[in-house]
Structure formats: structure tokens, C-alpha cells
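Trainee: First the structure, which I've put down as C-alpha cells, then a few questions once you've had a look.
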Amino acid sequence: MKARLPYIAGFLLLLGVEICIGMFYFSKFIRAYMGDVIVVWVIYCLFRSFVPRKFNSCAVAVGILVFSFAVEFLQKIHIADVLGVKNELLRIIIGTSYAPEDLWCYAAGTAVTLLQIFLYQQIKKRKTND
């Protein structure tokens, strides 16, 4: 449990950032692009909060990218309308509009996640070699 606390804290912090981005207008760039980059980190931290370490971190990050792409493509076919979702909060969570730029944002968020994993592993290796 102790090893998962940073992920739980990261999830809560990043979720708060996402909520602020959604509630307050910072700029078009932050709302349209950074929110999509950060959501990958939110999902990664949430997943890592529950999943044991035996799962490869890079595979988890790539899996989240695939999931994000799938959700975006489901938005393209208006999945919320297909399912008949009327609840506004649920419609926001599912998403109601497809934007190809979002795919690039998810890829950027995944790239940053993979860079963080790589740097963490390098630091860990140095500590064990000292």
C-alpha cells in the first residue's frame, strides 16, 4: 500500500487540476489540449493505484494510450447518443465530440509518462549501483 500512495496522491492532485480546467476558463490551449495531455496521467495514476507492480509500467502506459484512442473513436460515432445517455455529467465523462488533435495530445501525455518511467528507472539503477 505504501508504494501506491504516490499514485493515489498524484491521481487526486491531477484530478483536481482536470476539474479546475473544466470549470474555469484558463485559455483555449489549456482547455483544448493540456486537459487531454493530463487526462492520460490521471488514468495512469488511477490504474497504478490499484494494479500491482508486477505489471510493466511501459505496457500500462501504452495500454492507456490505446484505451484513450478507443474512447476518442467511440466519440466519433457519438457513443453517448447511441447509448441514450441523458445525464450531463456522464456525457462529459464519456465525451461527445471527436477531435483528431486529441489523439496527438494523448500521444504527448503518453510520451511524457514513458519519459518519467525511463528517468525513474535510471535513478533507481544509479541508487542500486552506489
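Naming works like this for the C-alpha cells: A, B, ... for the chains as they're shown, residue 1 at the start of each chain, ligands 1 onward in shown order.
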As a PDB file with C-alpha atoms, in the first residue's frame, please: the residues near Leu65 in chain A (cut-off 7 Å, only C-alpha atoms, same-chain neighbours under 4 positions excluded).

Mentor:
ATOM      1  CA  ALA A  61       1.205   3.490 -20.330  1.00  0.00           C
ATOM      2  CA  PHE A  69      -7.687   6.267 -28.691  1.00  0.00           C
ATOM      3  CA  TYR A 106      -2.961  11.551 -25.742  1.00  0.00           C
ATOM      4  CA  ALA A 107       0.258  10.537 -27.508  1.00  0.00           C
ATOM      5  CA  THR A 110       1.914   9.010 -23.005  1.00  0.00           C
TER       6      THR A 110
END

Trainee: Residues within 10 Å of Val85 in chain A, please, as a list in words. Count only C-alpha atoms; anything in the same chain fewer than 6 positions from it doesn't count.

Mentor: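 Close residues of Val85 in chain A: Ile79, Arg91 and Ile94 of chain A.
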
Trainee: How would the residues just picked look written out with N, CA and C atoms as a PDB file, in the first residue's frame?

Mentor:
ATOM      1  N   ILE A  79     -21.047   7.857 -29.279  1.00  0.00           N
ATOM      2  CA  ILE A  79     -21.426   6.738 -28.423  1.00  0.00           C
ATOM      3  C   ILE A  79     -22.408   7.145 -27.323  1.00  0.00           C
ATOM      4  N   ARG A  91     -22.253  12.427 -19.747  1.00  0.00           N
ATOM      5  CA  ARG A  91     -21.935  12.805 -21.125  1.00  0.00           C
ATOM      6  C   ARG A  91     -20.574  13.503 -21.203  1.00  0.00           C
ATOM      7  N   ILE A  94     -17.885  10.693 -20.692  1.00  0.00           N
ATOM      8  CA  ILE A  94     -17.766   9.865 -21.897  1.00  0.00           C
ATOM      9  C   ILE A  94     -17.196  10.683 -23.050  1.00  0.00           C
TER      10      ILE A  94
END

Trainee: Determine which residues of range 51-86 of chain A receive a DSSP assignment of alpha helix (DSSP H), computed from the backbone, and state them as a PyMOL selection string.

Mentor: chain A and resi 57-76+79-82

Trainee: For Tyr44 in chain A, which residue out of A:Val112, A:Ile123, A:Ala70, A:Leu90 is the nearest one, using only C-alpha atoms?

Mentor: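 Under the stated criterion, the closest residue is A:Val112.
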
Trainee: Which residues are near Glu101 in chain A? Cut-off 12 Å, only C-alpha atoms, ignore same chain within fewer than 6 positions. Put them as a PyMOL selection string.

Mentor: chain A and resi 29+32-34+36-37+69+72+107-108

Trainee: What's around Ala3 in chain A at 12 Å? Count only C-alpha atoms, leave out sequence neighbours fewer than 4 positions away in its own chain, and write the answer as a list in words.

Mentor: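 Once the nearby chain positions are removed, what remains is Tyr7, Ile8, Ala9, Arg48, Ser49, Phe50, Val51, Pro52 and Arg53 of chain A.
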
Trainee: So the first atom is CA of Phe118 in chain A and the second is CA of Cys58 in chain A; what is the distance between them in Å, to one decimal place?

Mentor: 8.8 Å

Trainee: Sorted by chain and rising residue number, which residues of range 56-97 of chain A lie within 12 Å of range 16-28 of chain A, and what are their closest atom pairs and distances in Å to one decimal, counting only C-alpha atoms, as CSV?

Mentor:
residue,atom,partner,partner_atom,distance
A:Leu89,CA,A:Gly22,CA,11.6
A:Ile92,CA,A:Gly22,CA,9.7
A:Ile93,CA,A:Gly22,CA,11.0
